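What follows is run-v8.cif (mmCIF, C-alpha atoms).
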```cif
data_entry
#
loop_
_atom_site.label_atom_id
_atom_site.label_comp_id
_atom_site.auth_asym_id
_atom_site.auth_seq_id
_atom_site.Cartn_x
_atom_site.Cartn_y
_atom_site.Cartn_z
CA MET G 295 0.00 0.00 0.00
CA GLN G 296 1.31 3.41 -0.94
CA LEU G 297 2.13 5.90 1.80
CA TRP G 298 -0.54 8.40 0.80
CA GLN G 299 -3.18 5.67 0.74
CA TRP G 300 -2.12 4.57 4.19
CA VAL G 301 -2.26 8.15 5.53
CA LYS G 302 -5.62 8.68 3.82
CA GLN G 303 -7.04 5.59 5.50
CA LEU G 304 -5.62 6.32 8.93
CA GLY G 305 -6.03 10.09 8.89
CA LEU G 306 -3.27 12.62 9.45
CA LEU G 307 -3.47 12.70 13.25
CA ASN G 308 -3.60 8.91 13.64
CA SER G 309 -0.71 8.52 11.19
CA GLY G 310 1.32 10.99 13.22
CA LEU G 311 0.57 9.15 16.47
CA TYR G 312 1.43 5.84 14.87
CA LEU G 313 4.76 7.15 13.61
CA ALA G 314 5.54 8.68 17.00
CA ASN G 315 4.84 5.31 18.64
CA ARG G 316 7.06 3.51 16.14
CA LEU G 317 9.81 6.04 16.72
CA ALA G 318 9.60 5.53 20.48
CA GLN G 319 9.94 1.78 19.94
CA LYS G 320 12.78 2.21 17.47
CA LEU G 321 14.70 4.37 19.94
CA ALA G 322 14.05 1.71 22.60
CA LEU G 323 12.41 4.28 24.84
CA ASP G 324 10.26 2.86 27.59
CA ALA G 325 7.32 4.72 26.08
CA SER G 326 4.28 4.08 23.95
CA ILE G 327 1.42 5.90 22.27
CA ASN G 328 -1.85 4.12 21.64
CA LYS G 329 -5.14 5.36 20.33
CA TYR G 330 -8.31 3.30 20.55
CA TYR G 331 -11.77 3.73 19.15
CA PHE G 332 -14.51 2.25 21.31
CA ALA G 333 -17.08 0.48 19.17
CA ALA G 334 -20.47 -1.12 19.77
CA GLN G 335 -21.54 -4.01 17.60
CA ALA G 336 -25.09 -5.32 17.68
CA VAL G 337 -25.24 -9.03 18.39
CA ASN G 338 -26.62 -10.61 15.23
CA ARG G 339 -29.95 -12.36 15.52
CA GLN G 340 -29.47 -14.32 12.31
CA PRO G 341 -26.28 -16.20 11.41
CA LEU G 342 -23.94 -14.24 9.16
CA LEU G 343 -22.36 -17.40 7.81
CA PRO G 344 -24.33 -19.13 5.05
CA GLU G 345 -25.59 -22.55 6.10
CA ASN G 346 -23.42 -24.43 3.62
CA LYS G 347 -20.18 -22.83 4.85
CA GLY G 348 -17.99 -23.83 7.74
CA ARG G 349 -19.73 -27.16 8.18
CA ARG G 350 -16.58 -28.85 9.44
CA LEU G 351 -16.05 -26.17 12.05
CA ARG G 352 -17.26 -26.49 15.60
CA VAL G 353 -17.08 -23.92 18.36
CA VAL G 354 -16.57 -24.87 21.99
CA GLU G 355 -16.14 -22.92 25.18
CA TRP G 356 -12.61 -23.54 26.36
CA PRO G 357 -12.71 -24.44 30.05
CA GLN G 358 -10.57 -22.43 32.42
CA GLN G 359 -8.72 -25.52 33.61
CA GLY G 360 -8.02 -26.71 30.08
CA HIS G 361 -4.24 -26.79 29.61
CA PRO G 362 -2.44 -25.90 27.51
CA HIS G 363 -4.75 -23.17 26.30
CA PRO G 364 -4.95 -23.09 22.50
CA CYS G 365 -4.96 -19.26 22.32
CA PRO G 366 -1.39 -18.25 21.48
CA ARG G 367 -0.91 -15.80 24.33
CA PRO G 368 1.37 -15.98 27.38
CA ALA G 369 0.05 -18.18 30.19
CA GLN G 370 -0.09 -15.23 32.59
CA VAL G 371 -2.22 -13.21 30.15
CA ILE G 372 -4.62 -16.14 29.80
CA ALA G 373 -4.76 -16.57 33.58
CA ASP G 374 -5.49 -12.85 34.06
CA ARG G 375 -8.35 -13.07 31.58
CA TYR G 376 -9.99 -15.94 33.43
CA GLN G 377 -9.38 -14.10 36.69
CA GLN G 378 -11.54 -11.33 35.22
CA GLY G 379 -14.28 -13.83 34.42
CA ALA G 380 -13.60 -13.96 30.70
CA VAL G 381 -15.07 -16.61 28.45
CA CYS G 382 -13.12 -18.04 25.53
CA LEU G 383 -14.88 -19.60 22.55
CA ALA G 384 -12.55 -21.69 20.40
CA ALA G 385 -13.17 -22.89 16.86
CA TYR G 386 -11.91 -26.24 15.65
CA LYS G 387 -11.79 -27.82 12.25
CA ASP G 388 -11.97 -31.49 13.12
CA ASP G 389 -9.36 -31.54 15.90
CA GLU G 390 -7.32 -28.59 14.71
CA PHE G 391 -7.53 -25.28 16.56
CA THR G 392 -8.37 -22.53 14.08
CA GLY G 393 -9.15 -19.47 16.20
CA CYS G 394 -10.87 -18.06 19.23
CA LEU G 395 -12.52 -15.02 20.68
CA TRP G 396 -12.89 -13.75 24.21
CA PHE G 397 -15.55 -11.78 25.99
CA VAL G 398 -16.33 -10.55 29.48
CA THR G 399 -19.45 -9.19 31.07
CA THR G 400 -19.61 -6.22 33.47
CA ALA G 401 -16.00 -4.90 33.22
CA TYR G 402 -12.62 -5.46 31.58
CA GLN G 403 -9.13 -4.41 32.59
CA GLU G 404 -7.21 -3.54 29.43
CA ASP G 405 -3.90 -5.38 29.08
CA GLU G 406 -2.14 -3.13 26.57
CA VAL G 407 -2.53 0.19 28.36
CA ARG G 408 -3.68 1.08 31.87
CA CYS G 409 -7.46 1.51 31.84
CA ARG G 410 -10.67 -0.25 32.77
CA TYR G 411 -13.90 -0.49 30.86
CA VAL G 412 -17.16 -0.73 32.77
CA LEU G 413 -19.94 -2.00 30.58
CA PRO G 414 -23.58 -0.97 30.37
CA PRO G 415 -26.24 -3.61 31.00
CA ALA G 416 -26.99 -5.82 28.00
CA ALA G 417 -23.46 -5.39 26.66
CA VAL G 418 -20.32 -7.51 26.81
CA TRP G 419 -16.74 -6.63 25.95
CA ASP G 420 -15.16 -8.73 23.21
CA PHE G 421 -11.42 -8.82 22.73
CA ASP G 422 -8.55 -10.67 21.10
CA VAL G 423 -10.44 -12.21 18.22
CA TYR G 424 -7.74 -14.51 16.90
CA VAL G 425 -7.82 -16.52 13.69
CA ASP G 426 -4.84 -18.69 12.75
CA ALA G 427 -3.10 -17.27 9.67
CA LYS G 428 -3.90 -20.44 7.76
CA TYR G 429 -7.61 -19.79 8.25
CA ARG G 430 -7.78 -16.02 7.74
CA LEU G 431 -9.86 -16.41 4.55
CA SER G 432 -11.97 -19.23 5.86
CA PRO G 433 -15.36 -19.02 7.59
CA VAL G 434 -13.69 -19.31 11.03
CA PHE G 435 -14.28 -15.69 12.04
CA LEU G 436 -17.95 -15.73 11.08
CA LYS G 437 -18.43 -19.13 12.72
CA LEU G 438 -16.99 -17.76 15.96
CA TRP G 439 -19.02 -14.57 15.76
CA ASP G 440 -22.24 -16.46 15.05
CA ALA G 441 -21.59 -18.82 17.95
CA ALA G 442 -20.85 -15.91 20.27
CA SER G 443 -23.95 -14.02 19.09
CA SER G 444 -26.18 -17.00 19.63
CA ARG G 445 -24.85 -17.50 23.15
CA LEU G 446 -24.97 -13.80 24.06
CA LEU G 447 -28.53 -13.42 22.83
CA ALA G 448 -29.57 -16.43 24.89
CA ASP G 449 -27.93 -14.80 27.92
CA GLY G 450 -29.76 -11.51 27.33
CA PHE G 451 -26.95 -9.47 25.77
CA ALA G 452 -27.69 -7.36 22.71
CA TRP G 453 -24.39 -5.54 22.17
CA SER G 454 -20.74 -6.34 22.10
CA LEU G 455 -18.32 -3.51 22.77
CA SER G 456 -14.66 -3.53 21.89
CA ARG G 457 -11.71 -1.29 21.28
CA ILE G 458 -10.10 -0.98 17.88
CA SER G 459 -6.63 0.40 17.43
CA ALA G 460 -6.76 3.64 15.48
CA PHE G 461 -3.61 2.39 13.77
CA ASN G 462 -5.49 -0.54 12.26
CA ALA G 463 -7.57 0.97 9.47
CA LEU G 464 -8.55 -2.46 8.15
CA SER G 465 -10.03 -3.54 11.44
CA LEU G 466 -11.91 -0.29 11.80
CA SER G 467 -13.42 -0.53 8.34
CA SER G 468 -14.30 -4.21 8.87
CA HIS G 469 -16.14 -3.31 12.07
CA LYS G 470 -17.98 -0.50 10.32
CA ARG G 471 -19.02 -2.81 7.50
CA MET G 472 -20.51 -5.12 10.12
CA GLY G 473 -22.51 -2.18 11.39
CA ALA G 474 -20.38 -1.21 14.39
CA LYS G 475 -20.97 2.21 15.86
CA VAL G 476 -18.05 4.21 17.22
CA LEU G 477 -18.76 5.37 20.78
CA GLY G 478 -15.64 7.44 21.29
CA TRP G 479 -11.85 7.35 21.36
CA ALA G 480 -8.98 7.55 23.78
CA VAL G 481 -5.27 8.29 23.39
CA PHE G 482 -2.81 6.84 25.89
CA ILE G 483 0.66 8.34 26.10
CA ARG G 484 3.00 6.47 28.41
CA LEU G 485 6.55 7.21 29.47
CA ARG G 486 7.85 4.61 31.92
CA SER G 487 5.20 4.44 34.66
CA VAL G 488 3.61 7.78 33.82
CA GLN G 489 0.52 7.57 31.67
CA PHE G 490 -1.49 10.47 30.31
CA THR G 491 -4.89 9.82 28.79
CA VAL G 492 -7.03 12.07 26.59
CA ALA G 493 -10.46 10.76 25.60
CA SER G 494 -13.67 11.87 23.94
CA VAL G 495 -15.68 10.14 26.68
CA PRO G 496 -15.53 10.55 30.46
CA PRO G 497 -13.19 10.92 32.27
CA PHE G 498 -11.83 12.86 29.23
CA LEU G 499 -8.45 13.56 30.87
CA HIS G 500 -6.48 11.39 33.24
CA GLY G 501 -2.92 11.32 34.49
CA SER G 502 -1.39 8.52 36.51
CA PHE G 503 2.03 7.92 37.94
CA SER G 504 1.85 4.30 39.05
CA GLU G 505 0.81 0.93 37.69
CA ASN G 506 -2.15 0.86 40.05
CA ALA G 507 -3.76 4.05 38.79
CA PHE G 508 -5.84 4.08 35.64
CA PRO G 509 -8.85 5.79 34.05
CA VAL G 510 -12.19 4.01 34.16
CA PHE G 511 -14.38 4.31 31.09
CA ARG G 512 -18.03 3.74 31.88
CA LEU G 513 -19.15 3.19 28.33
CA GLN G 514 -22.71 3.96 27.37
CA LEU G 515 -24.67 2.76 24.40
CA PRO G 516 -25.97 5.73 22.41
CA ASP G 517 -29.51 5.95 21.13
CA PHE G 518 -29.58 3.31 18.44
CA LYS G 519 -33.17 3.97 17.36
CA ASN G 520 -31.98 5.54 14.14
CA HIS G 521 -29.07 3.18 13.70
CA SER G 522 -29.61 0.57 11.02
CA ARG G 523 -27.27 -2.38 10.78
CA LYS G 524 -25.56 -3.06 7.50
CA GLN G 525 -25.87 -6.79 6.87
CA MET R 183 -19.73 -12.00 -21.29
CA SER R 184 -16.23 -13.20 -20.41
CA LEU R 185 -15.48 -14.91 -17.13
CA GLN R 186 -13.27 -11.99 -16.13
CA THR R 187 -16.02 -9.45 -16.78
CA GLN R 188 -18.44 -11.50 -14.70
CA ALA R 189 -15.90 -11.80 -11.90
CA VAL R 190 -15.38 -8.01 -11.94
CA GLU R 191 -19.14 -7.53 -11.85
CA ILE R 192 -19.41 -9.71 -8.76
CA LEU R 193 -16.45 -8.10 -7.00
CA THR R 194 -17.80 -4.64 -7.78
CA GLY R 195 -21.24 -5.53 -6.45
CA VAL R 196 -20.12 -7.29 -3.28
CA LEU R 197 -17.27 -4.95 -2.39
CA GLN R 198 -19.15 -1.86 -3.57
CA LEU R 199 -16.22 -0.71 -5.67
CA SER R 200 -16.54 2.47 -7.66
CA GLU R 201 -17.12 2.30 -11.41
CA PRO R 202 -13.73 3.83 -12.26
CA ALA R 203 -12.01 1.30 -9.98
CA ALA R 204 -13.90 -1.55 -11.65
CA LYS R 205 -12.98 -0.31 -15.13
CA LYS R 206 -9.30 -0.27 -14.23
CA MET R 207 -9.32 -3.92 -13.16
CA GLY R 208 -7.26 -6.34 -15.20
CA ALA R 209 -5.85 -9.83 -14.78
CA ASN R 210 -2.90 -8.49 -12.80
CA THR R 211 -4.96 -6.34 -10.46
CA PRO R 212 -4.14 -7.42 -6.91
CA LEU R 213 -7.15 -8.21 -4.72
CA LEU R 214 -6.23 -9.33 -1.20
CA GLY R 215 -4.24 -6.68 0.61
CA ALA R 216 -4.90 -4.13 -2.12
CA ILE R 217 -8.64 -3.66 -1.70
CA PRO R 218 -9.32 -2.58 1.89
CA GLU R 219 -12.86 -3.93 1.75
CA PHE R 220 -11.60 -7.44 0.99
CA ASP R 221 -11.62 -9.11 4.38
CA SER R 222 -12.68 -12.60 5.45
CA MET R 223 -16.36 -11.58 5.56
CA ALA R 224 -16.11 -10.17 2.05
CA VAL R 225 -14.44 -13.37 0.87
CA ILE R 226 -17.44 -15.40 2.07
CA SER R 227 -19.82 -12.97 0.32
CA VAL R 228 -17.83 -13.15 -2.92
CA ILE R 229 -17.74 -16.96 -2.78
CA THR R 230 -21.49 -17.12 -2.20
CA ALA R 231 -22.10 -14.72 -5.10
CA LEU R 232 -19.82 -16.79 -7.37
CA GLU R 233 -21.68 -19.97 -6.41
CA ASP R 234 -25.02 -18.34 -7.20
CA ARG R 235 -23.85 -16.86 -10.49
CA PHE R 236 -22.14 -19.95 -11.86
CA GLY R 237 -24.16 -22.69 -10.17
CA ILE R 238 -21.08 -24.18 -8.55
CA VAL R 239 -20.21 -25.31 -5.04
CA ILE R 240 -16.98 -24.00 -3.57
CA GLU R 241 -15.80 -25.98 -0.56
CA ASP R 242 -14.05 -24.20 2.31
CA ASP R 243 -10.87 -26.17 1.62
CA GLU R 244 -10.67 -24.95 -1.95
CA ILE R 245 -10.09 -21.37 -0.89
CA ASP R 246 -6.72 -20.00 0.09
CA ALA R 247 -4.95 -16.70 -0.37
CA SER R 248 -3.60 -17.72 -3.80
CA VAL R 249 -7.13 -17.79 -5.25
CA PHE R 250 -7.71 -14.15 -4.37
CA GLU R 251 -4.21 -12.92 -5.04
CA THR R 252 -5.19 -11.20 -8.30
CA LEU R 253 -8.20 -10.97 -10.55
CA GLY R 254 -6.38 -13.33 -12.91
CA SER R 255 -5.90 -15.97 -10.21
CA LEU R 256 -9.59 -15.76 -9.32
CA VAL R 257 -10.57 -16.17 -12.98
CA ALA R 258 -8.18 -19.13 -13.32
CA PHE R 259 -9.84 -20.73 -10.28
CA LEU R 260 -13.26 -20.24 -11.86
CA GLU R 261 -12.05 -21.73 -15.12
CA ARG R 262 -10.92 -24.84 -13.25
CA LYS R 263 -14.23 -25.07 -11.41
CA LEU R 264 -16.25 -24.71 -14.59
CA ALA R 265 -14.11 -27.08 -16.69
#
```

Show this structure as structure tokens.
Amino acid sequence: MQLWQWVKQLGLLNSGLYLANRLAQKLALDASINKYYFAAQAVNRQPLLPENKGRRLRVVEWPQQGHPHPCPRPAQVIADRYQQGAVCLAAYKDDEFTGCLWFVTTAYQEDEVRCRYVLPPAAVWDFDVYVDAKYRLSPVFLKLWDAASSRLLADGFAWSLSRISAFNALSLSSHKRMGAKVLGWAVFIRLRSVQFTVASVPPFLHGSFSENAFPVFRLQLPDFKNHSRKQ
Amino acid sequence: MSLQTQAVEILTGVLQLSEPAAKKMGANTPLLGAIPEFDSMAVISVITALEDRFGIVIEDDEIDASVFETLGSLVAFLERKLA
């Protein structure tokens, strides 16, 4: 992709933040810059995957005590997720692990920056939707999403909230094509243990000087009466 | 109508590409990674549209990145399916 296309997709500000973050990493500074968009996705009431696709795929809830966990993340990260009450749905083709997604109800402690999301009723937080590279073009993602939707609807949830990196234009456009609504954004600038947060949603501004201090985003679903899902 | 023209028609419809973009498409036009709209959901939609248009069944295992590398590779795949 050409540079101008990339900047056009990301926007000038986001491109600048991305480059600043890369520069910080390149210079091996103990610093980072992240920008997230908070998005709300309606849980789909009808399967998105056509009936004749993904027939060899099955989705199971991975039990907390199941070891080793198939999700390719460090053991401590997995343990922290379960500690927060997260649920992991894993997709298998025959006996081969193909991908997984995670969600929590009530609240989620972010693991990339220091912040906490508190969820409105009827909403869950989905995160780390992983599909093995070999299956990126396969129906795995839709199979997982359909399975999650079916389960969430049965449990009384209508929305799934998540954060999308502003540096990932593809993910943002994919979410929008699925009908996701952006609720707001937040920028996290960290230098060693000092983190400064600017956001479009409360608490808007936050500064913290230790690992134990973080902003809490109490995300609200906007009025979706006039919001039509693109299917 | 040639297979390539029909494939372009389907891609344009499913991915909602602009008319000028569709007109520029040739056998060497890259698809995956070059068209931002072309994600795994779009792939499923394109496959379903191809199945409907050509009356074929495309199994999950038949699809990999090489099929959608370029318009030409997609057309070659269709030629094999229709042979």

Taking only C-alpha atoms into account, find every residue of chain R that has an atom no more than 10 Å from chain G, and write it out as a VMD selection string. chain R and resid 214 to 227 229 to 230 239 to 247 250

Please, could you write that set of residues out with C-alpha atoms as an mmCIF file, in the frame of the given file?
```cif
data_model
loop_
_atom_site.group_PDB
_atom_site.id
_atom_site.type_symbol
_atom_site.label_atom_id
_atom_site.label_comp_id
_atom_site.auth_asym_id
_atom_site.auth_seq_id
_atom_site.Cartn_x
_atom_site.Cartn_y
_atom_site.Cartn_z
ATOM 1 C CA LEU R 214 -6.230 -9.330 -1.200
ATOM 2 C CA GLY R 215 -4.240 -6.680 0.610
ATOM 3 C CA ALA R 216 -4.900 -4.130 -2.120
ATOM 4 C CA ILE R 217 -8.640 -3.660 -1.700
ATOM 5 C CA PRO R 218 -9.320 -2.580 1.890
ATOM 6 C CA GLU R 219 -12.860 -3.930 1.750
ATOM 7 C CA PHE R 220 -11.600 -7.440 0.990
ATOM 8 C CA ASP R 221 -11.620 -9.110 4.380
ATOM 9 C CA SER R 222 -12.680 -12.600 5.450
ATOM 10 C CA MET R 223 -16.360 -11.580 5.560
ATOM 11 C CA ALA R 224 -16.110 -10.170 2.050
ATOM 12 C CA VAL R 225 -14.440 -13.370 0.870
ATOM 13 C CA ILE R 226 -17.440 -15.400 2.070
ATOM 14 C CA SER R 227 -19.820 -12.970 0.320
ATOM 15 C CA ILE R 229 -17.740 -16.960 -2.780
ATOM 16 C CA THR R 230 -21.490 -17.120 -2.200
ATOM 17 C CA VAL R 239 -20.210 -25.310 -5.040
ATOM 18 C CA ILE R 240 -16.980 -24.000 -3.570
ATOM 19 C CA GLU R 241 -15.800 -25.980 -0.560
ATOM 20 C CA ASP R 242 -14.050 -24.200 2.310
ATOM 21 C CA ASP R 243 -10.870 -26.170 1.620
ATOM 22 C CA GLU R 244 -10.670 -24.950 -1.950
ATOM 23 C CA ILE R 245 -10.090 -21.370 -0.890
ATOM 24 C CA ASP R 246 -6.720 -20.000 0.090
ATOM 25 C CA ALA R 247 -4.950 -16.700 -0.370
ATOM 26 C CA PHE R 250 -7.710 -14.150 -4.370
#
```

To one decimal in Å, tell me the separation between atom CA of G:Val412 and atom CA of G:Arg512. 4.6 Å

Using all atoms listed in the file, pick whichever of G:Phe391, G:Tyr376, G:Phe332, G:Trp396 has the shortest atom-to-atom distance to G:Leu513.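 Counting all atoms listed in the file, the residue closest to G:Leu513 is G:Phe332.
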
Could you give me, as a list in words, the residues that sit within 10 Å of (-14.8, -5.1, -6.3) in the file's coordinates, counting all atoms listed in the file? Ala189, Val190, Glu191, Ile192, Leu193, Thr194, Gly195, Val196, Leu197, Gln198, Leu199, Ser200, Glu201, Ala203, Ala204, Met207, Leu213, Ile217, Glu219, Phe220, Ala224, Val228 and Leu253 of chain R

What gap, in Å, lies between atom CA of G:Leu438 and atom CA of G:Ala417? 17.6 Å

For a test of reading the model, state the distance in Å between atom CA of G:Arg408 and atom CA of G:Arg316, rounded to one decimal. 19.2 Å

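Taken over the whole file, the PyMOL selection byres ((chain G and resi 304-313) around 8) covers exactly Trp300, Val301, Lys302, Gln303, Ala314, Asn315, Arg316, Leu317, Ile327, Asn328, Lys329, Ala460, Phe461, Asn462 and Ala463 of chain G.
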
Could you spell out the hits of the PyMOL selection byres ((chain G and resi 486-500) around 9) on the shown file, as JSON, numbers by chain? {"G": [323, 324, 325, 326, 407, 408, 477, 478, 479, 480, 481, 482, 483, 484, 485, 501, 502, 503, 504, 505, 508, 509, 510, 511, 512, 513]}

So what does the PyMOL selection byres ((chain R and resi 238) around 12) actually pick up in this one, as a list in words?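 So the PyMOL selection byres ((chain R and resi 238) around 12), applied here, picks out Ile229, Thr230, Ala231, Leu232, Glu233, Asp234, Arg235, Phe236, Gly237, Val239, Ile240, Glu241, Phe259, Leu260, Glu261, Arg262, Lys263, Leu264 and Ala265 of chain R.
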
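When only C-alpha atoms are used to compute distances to G:Gly379, the closest of the residues G:Leu351, G:Val418, G:Ala427, G:Ala474 turns out to be G:Val418.
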
Determine, counting only C-alpha atoms, every residue of protein, DNA or RNA that lies within 8 Å of (-6.0, -11.4, -15.1) in the file coordinates, then give the result as a list of chain:residue names. R:Gln186, R:Gly208, R:Ala209, R:Asn210, R:Thr211, R:Thr252, R:Leu253, R:Gly254, R:Ser255, R:Val257
